[in-house]
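S.K.: File target_36.tsv below, TSV, C-alpha atoms:
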```tsv
chain	number	residue	atom	x	y	z
A	1	MET	CA	77.25	-60.85	24.59
A	2	THR	CA	75.26	-58.01	23.05
A	3	GLU	CA	76.27	-56.52	19.76
A	4	PRO	CA	77.39	-52.90	19.81
A	5	ALA	CA	74.73	-50.43	18.71
A	6	PRO	CA	75.08	-49.48	15.04
A	7	GLN	CA	76.80	-46.13	14.61
A	8	LEU	CA	75.33	-43.28	12.65
A	9	PRO	CA	77.35	-41.96	9.72
A	10	PRO	CA	79.28	-38.84	10.85
A	11	ALA	CA	77.23	-36.48	8.69
A	12	ILE	CA	73.95	-37.82	10.12
A	13	GLU	CA	75.31	-37.70	13.67
A	14	ALA	CA	76.33	-34.06	13.23
A	15	ARG	CA	72.85	-33.26	11.92
A	16	VAL	CA	71.15	-35.03	14.85
A	17	GLN	CA	73.37	-33.16	17.31
A	18	HIS	CA	72.39	-29.91	15.65
A	19	MET	CA	68.66	-30.64	15.46
A	20	LEU	CA	68.08	-32.30	18.83
A	21	PRO	CA	68.41	-29.25	21.10
A	22	ARG	CA	66.29	-27.21	18.68
A	23	THR	CA	63.50	-29.81	18.59
A	24	LEU	CA	63.73	-30.37	22.32
A	25	LEU	CA	63.53	-26.64	23.01
A	26	HIS	CA	60.43	-26.34	20.80
A	27	ASP	CA	58.75	-29.34	22.47
A	28	LEU	CA	59.47	-28.00	25.95
A	29	ARG	CA	58.41	-24.44	25.22
A	30	THR	CA	54.92	-25.54	24.13
A	31	PRO	CA	53.69	-27.02	27.46
A	32	LEU	CA	55.62	-24.38	29.35
A	33	GLY	CA	53.61	-21.81	27.42
A	34	HIS	CA	50.45	-23.43	28.77
A	35	VAL	CA	51.74	-23.20	32.35
A	36	LEU	CA	52.66	-19.52	31.93
A	37	GLY	CA	49.57	-18.54	29.94
A	38	TYR	CA	47.04	-20.17	32.22
A	39	SER	CA	48.77	-18.90	35.37
A	40	GLU	CA	48.64	-15.32	34.01
A	41	LEU	CA	44.99	-15.80	33.04
A	42	LEU	CA	44.22	-17.14	36.51
A	43	ILE	CA	45.95	-14.18	38.19
A	44	GLU	CA	43.77	-11.76	36.18
A	45	GLN	CA	40.60	-13.66	37.05
A	46	LEU	CA	41.48	-13.92	40.75
A	47	HIS	CA	42.03	-10.15	40.83
A	48	GLU	CA	38.62	-9.59	39.26
A	49	ALA	CA	36.92	-12.05	41.63
A	50	GLY	CA	38.51	-10.35	44.62
A	51	GLN	CA	40.21	-13.59	45.67
A	52	GLU	CA	43.54	-11.92	46.32
A	53	GLU	CA	44.65	-14.51	48.90
A	54	PHE	CA	45.26	-17.12	46.15
A	55	ILE	CA	47.29	-14.88	43.89
A	56	PRO	CA	50.70	-15.34	45.61
A	57	TYR	CA	50.50	-19.10	44.97
A	58	VAL	CA	49.78	-18.65	41.28
A	59	GLU	CA	52.50	-15.99	41.10
A	60	LYS	CA	54.95	-18.63	42.36
A	61	ILE	CA	53.90	-21.00	39.57
A	62	ARG	CA	54.32	-18.23	37.01
A	63	LYS	CA	57.72	-17.20	38.41
A	64	ALA	CA	58.96	-20.81	38.40
A	65	GLY	CA	57.79	-21.16	34.79
A	66	ARG	CA	59.69	-18.02	33.77
A	67	GLU	CA	62.84	-19.31	35.49
A	68	LEU	CA	62.49	-22.64	33.69
A	69	LEU	CA	62.12	-20.85	30.36
A	70	GLU	CA	65.27	-18.83	31.03
A	71	LEU	CA	67.21	-21.96	32.03
A	72	MET	CA	66.12	-23.77	28.88
A	73	SER	CA	67.04	-20.87	26.62
A	74	ASN	CA	70.47	-20.49	28.23
A	75	ASN	CA	71.19	-24.23	28.00
A	76	PHE	CA	70.04	-24.30	24.40
A	77	GLN	CA	72.42	-21.48	23.52
A	78	SER	CA	75.29	-23.31	25.25
A	79	ALA	CA	74.46	-26.51	23.37
A	80	GLN	CA	74.34	-24.61	20.07
A	81	ALA	CA	77.70	-22.98	20.80
A	82	GLU	CA	79.21	-26.38	21.65
A	83	VAL	CA	77.98	-27.92	18.39
A	84	ALA	CA	79.24	-24.90	16.44
A	85	SER	CA	82.70	-25.15	18.03
A	86	LYS	CA	83.17	-28.79	16.97
A	87	PRO	CA	85.17	-29.36	13.79
A	88	SER	CA	82.84	-30.12	10.91
A	89	THR	CA	82.73	-33.69	9.66
A	90	PRO	CA	83.03	-34.45	5.97
A	91	ALA	CA	79.67	-35.13	4.37
A	92	ASP	CA	78.75	-38.77	3.82
A	93	PRO	CA	78.56	-39.18	0.06
A	94	ALA	CA	75.69	-41.64	0.52
A	95	THR	CA	73.52	-39.14	2.41
A	96	SER	CA	74.58	-35.72	1.14
A	97	LYS	CA	72.46	-35.77	-2.02
B	1	MET	CA	35.58	-4.76	18.09
B	2	HIS	CA	38.47	-6.14	16.04
B	3	ARG	CA	38.16	-9.64	14.69
B	4	ILE	CA	41.22	-11.88	15.03
B	5	LEU	CA	41.70	-15.15	13.19
B	6	LEU	CA	43.77	-17.51	15.31
B	7	VAL	CA	45.24	-20.37	13.26
B	8	GLU	CA	46.54	-22.91	15.77
B	9	ASP	CA	46.48	-26.72	15.88
B	10	ASN	CA	47.32	-27.11	19.58
B	11	GLU	CA	44.09	-27.23	21.59
B	12	MET	CA	45.51	-25.73	24.78
B	13	ASN	CA	47.21	-22.91	22.90
B	14	ARG	CA	43.92	-22.13	21.15
B	15	ASP	CA	41.92	-22.16	24.36
B	16	MET	CA	44.40	-20.13	26.38
B	17	LEU	CA	45.18	-17.47	23.80
B	18	SER	CA	41.57	-17.04	22.63
B	19	ARG	CA	40.38	-16.58	26.23
B	20	ARG	CA	43.07	-13.98	26.89
B	21	LEU	CA	42.33	-12.06	23.69
B	22	MET	CA	38.57	-12.09	24.28
B	23	ARG	CA	39.20	-10.66	27.74
B	24	LYS	CA	41.04	-7.78	26.04
B	25	GLY	CA	37.99	-7.07	23.88
B	26	TYR	CA	38.82	-8.90	20.66
B	27	GLU	CA	36.48	-11.17	18.75
B	28	VAL	CA	38.39	-14.40	18.09
B	29	ILE	CA	37.62	-16.88	15.34
B	30	ILE	CA	39.58	-20.10	15.10
B	31	ALA	CA	41.06	-22.34	12.43
B	32	VAL	CA	42.85	-25.57	13.33
B	33	ASP	CA	45.08	-26.04	10.27
B	34	GLY	CA	46.59	-23.98	7.48
B	35	GLU	CA	44.01	-24.93	4.87
B	36	GLN	CA	41.13	-23.91	7.13
B	37	GLY	CA	43.03	-20.75	8.03
B	38	VAL	CA	43.28	-19.67	4.38
B	39	ALA	CA	39.60	-20.47	3.78
B	40	MET	CA	38.47	-18.55	6.88
B	41	ALA	CA	40.65	-15.55	6.03
B	42	LYS	CA	38.75	-15.31	2.74
B	43	SER	CA	35.27	-15.91	4.17
B	44	GLU	CA	35.55	-13.99	7.45
B	45	ALA	CA	37.84	-11.08	6.46
B	46	PRO	CA	39.50	-10.74	9.88
B	47	ASP	CA	41.37	-7.58	10.93
B	48	LEU	CA	44.48	-9.61	11.73
B	49	ILE	CA	45.70	-13.20	11.64
B	50	LEU	CA	47.76	-14.91	14.33
B	51	MET	CA	49.42	-17.78	12.50
B	52	ASP	CA	51.11	-20.73	14.13
B	53	MET	CA	53.76	-21.95	11.71
B	54	SER	CA	53.88	-25.69	12.45
B	55	LEU	CA	50.43	-26.63	11.20
B	56	PRO	CA	48.94	-29.75	9.61
B	57	ILE	CA	47.74	-29.99	5.98
B	58	ILE	CA	49.25	-26.63	4.97
B	59	ASP	CA	51.94	-25.21	7.25
B	60	GLY	CA	51.96	-21.57	8.34
B	61	TRP	CA	54.62	-20.51	5.84
B	62	GLU	CA	52.68	-21.89	2.88
B	63	ALA	CA	49.37	-20.56	4.22
B	64	THR	CA	50.89	-17.08	4.58
B	65	ARG	CA	52.34	-17.17	1.06
B	66	SER	CA	48.90	-18.14	-0.22
B	67	LEU	CA	47.18	-15.31	1.71
B	68	LYS	CA	49.69	-12.70	0.60
B	69	GLY	CA	49.39	-13.84	-3.00
B	70	ALA	CA	45.61	-13.44	-3.12
B	71	GLU	CA	44.01	-10.05	-3.81
B	72	ALA	CA	41.23	-10.58	-1.25
B	73	THR	CA	43.55	-11.38	1.66
B	74	LYS	CA	46.92	-9.76	0.92
B	75	ALA	CA	46.19	-6.68	3.07
B	76	ILE	CA	45.33	-8.67	6.19
B	77	PRO	CA	48.26	-8.42	8.62
B	78	VAL	CA	49.75	-11.76	9.66
B	79	ILE	CA	51.74	-12.28	12.85
B	80	ALA	CA	53.70	-15.53	12.91
B	81	LEU	CA	53.69	-17.38	16.21
B	82	THR	CA	56.17	-20.14	16.87
B	83	ALA	CA	57.88	-21.92	19.73
B	84	HIS	CA	61.09	-21.88	17.66
B	85	ALA	CA	63.00	-18.84	18.83
B	86	MET	CA	66.03	-18.42	16.59
B	87	SER	CA	66.73	-15.43	14.36
B	88	THR	CA	66.49	-17.70	11.32
B	89	ASP	CA	62.91	-18.55	12.29
B	90	ARG	CA	62.01	-14.88	12.21
B	91	GLU	CA	63.69	-14.44	8.82
B	92	LYS	CA	61.87	-17.48	7.45
B	93	ALA	CA	58.51	-16.12	8.61
B	94	MET	CA	59.16	-12.66	7.17
B	95	GLU	CA	60.29	-14.17	3.86
B	96	ALA	CA	56.96	-16.02	3.67
B	97	GLY	CA	55.19	-12.65	3.89
B	98	CYS	CA	54.39	-12.37	7.61
B	99	ASP	CA	54.14	-8.76	8.83
B	100	ASP	CA	55.56	-9.55	12.24
B	101	TYR	CA	56.74	-12.43	14.36
B	102	ASP	CA	56.46	-13.43	18.00
B	103	THR	CA	57.63	-16.38	20.01
B	104	LYS	CA	55.81	-18.78	22.29
B	105	PRO	CA	55.41	-18.73	25.23
B	106	ILE	CA	53.40	-15.62	24.43
B	107	GLU	CA	54.13	-12.45	26.36
B	108	LEU	CA	50.66	-10.96	26.02
B	109	SER	CA	51.50	-7.27	26.44
B	110	ARG	CA	54.18	-7.53	23.73
B	111	LEU	CA	51.85	-9.39	21.38
B	112	LEU	CA	49.05	-6.87	21.96
B	113	GLU	CA	51.38	-4.00	21.06
B	114	LYS	CA	52.29	-5.69	17.79
B	115	MET	CA	48.64	-6.41	17.01
B	116	GLN	CA	47.57	-2.81	17.71
B	117	ALA	CA	50.39	-1.43	15.57
B	118	LEU	CA	49.49	-3.62	12.58
B	119	ILE	CA	45.74	-3.04	12.85
B	120	GLY	CA	46.37	0.71	13.15
B	121	ARG	CA	48.63	0.66	10.09
B	122	LYS	CA	46.05	-1.30	8.09
B	123	ASN	CA	43.30	1.18	9.03
B	124	GLU	CA	45.52	4.13	8.02
B	125	THR	CA	46.17	2.49	4.65
B	126	ILE	CA	42.46	1.95	4.10
B	127	ALA	CA	41.68	5.56	5.12
B	128	SER	CA	44.36	7.05	2.86
B	129	SER	CA	43.18	5.01	-0.13
B	130	GLY	CA	39.59	6.08	0.37
B	131	GLY	CA	38.47	2.76	1.77
B	132	ASN	CA	39.51	0.70	-1.23
B	133	ALA	CA	42.63	-0.98	0.19
```
Do you think you could lay out the structure here as structure tokens?
M.R.:
Amino acid sequence: MTEPAPQLPPAIEARVQHMLPRTLLHDLRTPLGHVLGYSELLIEQLHEAGQEEFIPYVEKIRKAGRELLELMSNNFQSAQAEVASKPSTPADPATSK
Amino acid sequence: MHRILLVEDNEMNRDMLSRRLMRKGYEVIIAVDGEQGVAMAKSEAPDLILMDMSLPIIDGWEATRSLKGAEATKAIPVIALTAHAMSTDREKAMEAGCDDYDTKPIELSRLLEKMQALIGRKNETIASSGGNA
């Protein structure tokens, strides 16, 4: 029989719940920025090189990236609202210093 | 040609943004942490600084406070760039002395507008003070 996982003190758990979506959003936005930035750069360069036939494919990558960014932002706001709506837990005297 | 100091620790962000800015006619010089950013601002006297805030050694907030507290660099406009996108992040950047703030992923046309506005304002200040600003 496995032992139950140790539980975080309520104050720490509330802090983790608050921080996780924020950290996650930051970590996801960084590589997504690379996808969007390089696809926009590539579109410009394809225009200049006269290779118009490839542009619709790169446009699809860029559009998908924008949709993903919007989805992430909306979900983050929902997660923030959910955390905010929860009753606050009393601070753990051992960790609130 | 305006010289931009890009302070950014993420290699792909540096590569992507510097390429895009150079294509728009800017000269881009690069620092990879806050300490190097402060040193290069003093030695290179850029027209504007694009400052990532989550940086090693000295973070972007501390680097900006240092730049704005030094006579030689206080007039250089600083735009904070961060992948954090909450209103408190903007407030934190402005409190540190940043002149403007933008979020990553970068929307280039929006960033260029902010850069032009700040460089224009800096040039007006220099002109009105007889070149001694």
S.K.: Have a look at B:Asn13, B:Ser66, B:Met115, B:Ile4 and name the one nearest to chain A; count all atoms listed in the file.
M.R.: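 Residue with the minimum atom-to-atom distance to chain A: B:Asn13.
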S.K.: From the set A:Thr23, A:Ser78, A:Ser73, A:Gln45, which residue has the shortest atom-to-atom contact distance to Pro105 (chain B), counting all atoms listed in the file?
M.R.: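 Of A:Thr23, A:Ser78, A:Ser73, A:Gln45, the one nearest Pro105 (chain B) is A:Ser73, counting all atoms listed in the file.
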S.K.: Enter the distance from CA of Met12 (chain B) to CA of Val35 (chain A), in Å, rounded to one decimal.
M.R.: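 Going from CA of Met12 (chain B) over to CA of Val35 (chain A), I get 10.1 Å.
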S.K.: With all atoms listed in the file as the counted atoms, please give the residues lying no more than 10 Å from Ile30 (chain B), apart from itself and same-chain residues fewer than 6 positions off, as a ChimeraX atom specification.
M.R.: /B:4-9,14-15,18,36-37,40,49-50
S.K.: Using only C-alpha atoms, please write the residues we just selected to a file, as a short mmCIF file (atom, residue, chain, number, x, y, z; two decimals), in the frame of the given file.
M.R.:
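Below is the file selection.cif, written as the result:
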```cif
data_model
loop_
_atom_site.label_atom_id
_atom_site.label_comp_id
_atom_site.auth_asym_id
_atom_site.auth_seq_id
_atom_site.Cartn_x
_atom_site.Cartn_y
_atom_site.Cartn_z
CA ILE B 4 41.22 -11.88 15.03
CA LEU B 5 41.70 -15.15 13.19
CA LEU B 6 43.77 -17.51 15.31
CA VAL B 7 45.24 -20.37 13.26
CA GLU B 8 46.54 -22.91 15.77
CA ASP B 9 46.48 -26.72 15.88
CA ARG B 14 43.92 -22.13 21.15
CA ASP B 15 41.92 -22.16 24.36
CA SER B 18 41.57 -17.04 22.63
CA GLN B 36 41.13 -23.91 7.13
CA GLY B 37 43.03 -20.75 8.03
CA MET B 40 38.47 -18.55 6.88
CA ILE B 49 45.70 -13.20 11.64
CA LEU B 50 47.76 -14.91 14.33
#
```
S.K.: Here is a test: counting all atoms listed in the file, which residue of B:Ala83, B:Leu67, B:Leu118, B:Met94 is nearest to chain A?
M.R.: B:Ala83
S.K.: CA of Glu44 (chain A) and CA of Arg23 (chain B) are how many Å apart?
M.R.: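 The value is 9.7 Å.
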S.K.: Using all atoms listed in the file for the distances, tell me which of B:Ser109, B:Asn123, B:Ser43, B:Gln116 is nearest to chain A.
M.R.: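 Result for the nearest residue to chain A: B:Ser109.
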S.K.: Nearest to Ala117 (chain B) among B:Asp33, B:Asp52, B:Glu27, B:Asp47, with distances taken over all atoms listed in the file: which residue is it?
M.R.: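 Closest to Ala117 (chain B) of all the choices is B:Asp47.
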S.K.: Show me a table, sorted first by chain and then by increasing residue number, of the residues of chain B having an atom at most 10 Å from chain A, each with its shortest atom pair and the distance in Å to one decimal, counting only C-alpha atoms and written as CSV.
M.R.:
```
residue,atom,partner,partner_atom,distance
B:Asn10,CA,A:Thr30,CA,9.0
B:Met12,CA,A:His34,CA,6.8
B:Asn13,CA,A:His34,CA,6.7
B:Asp15,CA,A:Tyr38,CA,9.6
B:Met16,CA,A:Tyr38,CA,6.4
B:Leu17,CA,A:Gly37,CA,7.6
B:Arg19,CA,A:Leu41,CA,8.3
B:Arg20,CA,A:Leu41,CA,6.7
B:Arg23,CA,A:Leu41,CA,9.4
B:Thr82,CA,A:His26,CA,8.5
B:Ala83,CA,A:His26,CA,5.2
B:His84,CA,A:His26,CA,5.5
B:Ala85,CA,A:His26,CA,8.2
B:Met86,CA,A:Arg22,CA,9.0
B:Thr103,CA,A:Arg29,CA,9.6
B:Lys104,CA,A:Gly33,CA,6.4
B:Pro105,CA,A:Gly33,CA,4.2
B:Ile106,CA,A:Gly33,CA,6.9
B:Glu107,CA,A:Gly37,CA,8.4
B:Leu108,CA,A:Gly37,CA,8.6
```
S.K.: Just write the chosen residues, C-alpha atoms, as a tab-separated table (two decimals), in the frame of the given file.
M.R.:
```tsv
chain	number	residue	atom	x	y	z
B	10	ASN	CA	47.32	-27.11	19.58
B	12	MET	CA	45.51	-25.73	24.78
B	13	ASN	CA	47.21	-22.91	22.90
B	15	ASP	CA	41.92	-22.16	24.36
B	16	MET	CA	44.40	-20.13	26.38
B	17	LEU	CA	45.18	-17.47	23.80
B	19	ARG	CA	40.38	-16.58	26.23
B	20	ARG	CA	43.07	-13.98	26.89
B	23	ARG	CA	39.20	-10.66	27.74
B	82	THR	CA	56.17	-20.14	16.87
B	83	ALA	CA	57.88	-21.92	19.73
B	84	HIS	CA	61.09	-21.88	17.66
B	85	ALA	CA	63.00	-18.84	18.83
B	86	MET	CA	66.03	-18.42	16.59
B	103	THR	CA	57.63	-16.38	20.01
B	104	LYS	CA	55.81	-18.78	22.29
B	105	PRO	CA	55.41	-18.73	25.23
B	106	ILE	CA	53.40	-15.62	24.43
B	107	GLU	CA	54.13	-12.45	26.36
B	108	LEU	CA	50.66	-10.96	26.02
```
S.K.: I'd like the interatomic distance between CA of Glu59 (chain A) and CA of Leu112 (chain B), to a tenth of an Å.
M.R.: 21.5 Å
S.K.: So that I can check the surroundings of Gly60 (chain B), please list as a PyMOL selection string every protein, DNA and RNA residue that reaches within 10 Å of it, counting only C-alpha atoms and ignoring chain neighbours fewer than 2 positions away.
M.R.: chain B and resi 7-8+33-35+37-38+50-58+62-66+80-82+93+96+98
S.K.: Counting all atoms listed in the file, which residue out of B:Lys114, B:Arg121, B:Lys42, B:Arg90 sits closest to Lys68 (chain B)?
M.R.: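 Smallest separation from Lys68 (chain B) among the options: B:Lys42.
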